[in-house]
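Trainee: For reference, the structure I am asking about is given below.
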Amino acid sequence: MALELATASHVRGVVAFGVKVSWPAEDVAGAQRVAARPVQTFATQAEAVQRLLRLAGLTDLMAPEDPRATIGVVETEDGWRVTQDPATFGVGVPDMGNCWQALRGGWSWPVASTIRW
């Protein structure tokens, strides 16, 4: 999202961490599928947290019981949902050509290894 904002002429700068820079066609198609889905509601907070972790790619990195995981879910009249609107996945591939990148992960980090310096 930050990279999309960075393309606006009135924006002077944006800082983004852990940005995906390699977008194979299947990843773009998957993001478009997620963007086309309606907002999902869940009966329990735990189910919504599971969905959040899956969407964020954190399933193997954060326990669902971690209090930080609940920050991204909210209770509504219809149940629990992830706060991120699925439509945000439809932004498309960001233009990385005009972005300065500073990565601290090192060359072995998967994101850094795809960058053309």
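Residue numbering restarts at 1 in every chain; chains get A, B, ... in the order shown in the structure tokens, and ligands count up from 1 in that same order.
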Return as JSON lines the residues of stretch 34-69 of chain A lying at most 9 Å from stretch 75-92 of chain A, together with the closest atom-to-atom pair for each and the distance in Å to one decimal, counting only C-alpha atoms, with rows in chain order and ascending residue number.
Mentor:
```
{"residue": "A:Val34", "atom": "CA", "partner": "A:Pro86", "partner_atom": "CA", "distance": 6.1}
{"residue": "A:Ala35", "atom": "CA", "partner": "A:Ala87", "partner_atom": "CA", "distance": 4.2}
{"residue": "A:Ala36", "atom": "CA", "partner": "A:Ala87", "partner_atom": "CA", "distance": 6.6}
{"residue": "A:Arg37", "atom": "CA", "partner": "A:Pro86", "partner_atom": "CA", "distance": 6.7}
{"residue": "A:Pro38", "atom": "CA", "partner": "A:Pro86", "partner_atom": "CA", "distance": 7.2}
{"residue": "A:Val39", "atom": "CA", "partner": "A:Pro86", "partner_atom": "CA", "distance": 6.5}
{"residue": "A:Gln40", "atom": "CA", "partner": "A:Arg81", "partner_atom": "CA", "distance": 6.2}
{"residue": "A:Thr41", "atom": "CA", "partner": "A:Arg81", "partner_atom": "CA", "distance": 4.8}
{"residue": "A:Phe42", "atom": "CA", "partner": "A:Trp80", "partner_atom": "CA", "distance": 4.9}
{"residue": "A:Ala43", "atom": "CA", "partner": "A:Gly79", "partner_atom": "CA", "distance": 5.3}
{"residue": "A:Thr44", "atom": "CA", "partner": "A:Trp80", "partner_atom": "CA", "distance": 6.0}
{"residue": "A:Gln45", "atom": "CA", "partner": "A:Trp80", "partner_atom": "CA", "distance": 5.6}
{"residue": "A:Ala46", "atom": "CA", "partner": "A:Trp80", "partner_atom": "CA", "distance": 8.8}
{"residue": "A:Glu47", "atom": "CA", "partner": "A:Trp80", "partner_atom": "CA", "distance": 8.0}
{"residue": "A:Ala48", "atom": "CA", "partner": "A:Arg81", "partner_atom": "CA", "distance": 5.4}
{"residue": "A:Val49", "atom": "CA", "partner": "A:Val82", "partner_atom": "CA", "distance": 7.4}
{"residue": "A:Arg51", "atom": "CA", "partner": "A:Val82", "partner_atom": "CA", "distance": 7.3}
{"residue": "A:Leu52", "atom": "CA", "partner": "A:Val82", "partner_atom": "CA", "distance": 5.9}
```
Trainee: In Å, how far is it from atom CA of A:Asp27 to atom CA of A:Gly72?
Mentor: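 Separation of atom CA of A:Asp27 and atom CA of A:Gly72: 22.6 Å.
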Trainee: Would you compute the distance between atom CA of A:Asp60 and atom CA of A:Val14? Give it in Å to one decimal.
Mentor: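 Computing the Euclidean distance for atom CA of A:Asp60 and atom CA of A:Val14 yields 28.5 Å.
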Trainee: State, in Å with one decimal place, the distance from atom CA of A:Asp95 to atom CA of A:Glu26.
Mentor: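 Between these atoms lies a distance of 17.9 Å.
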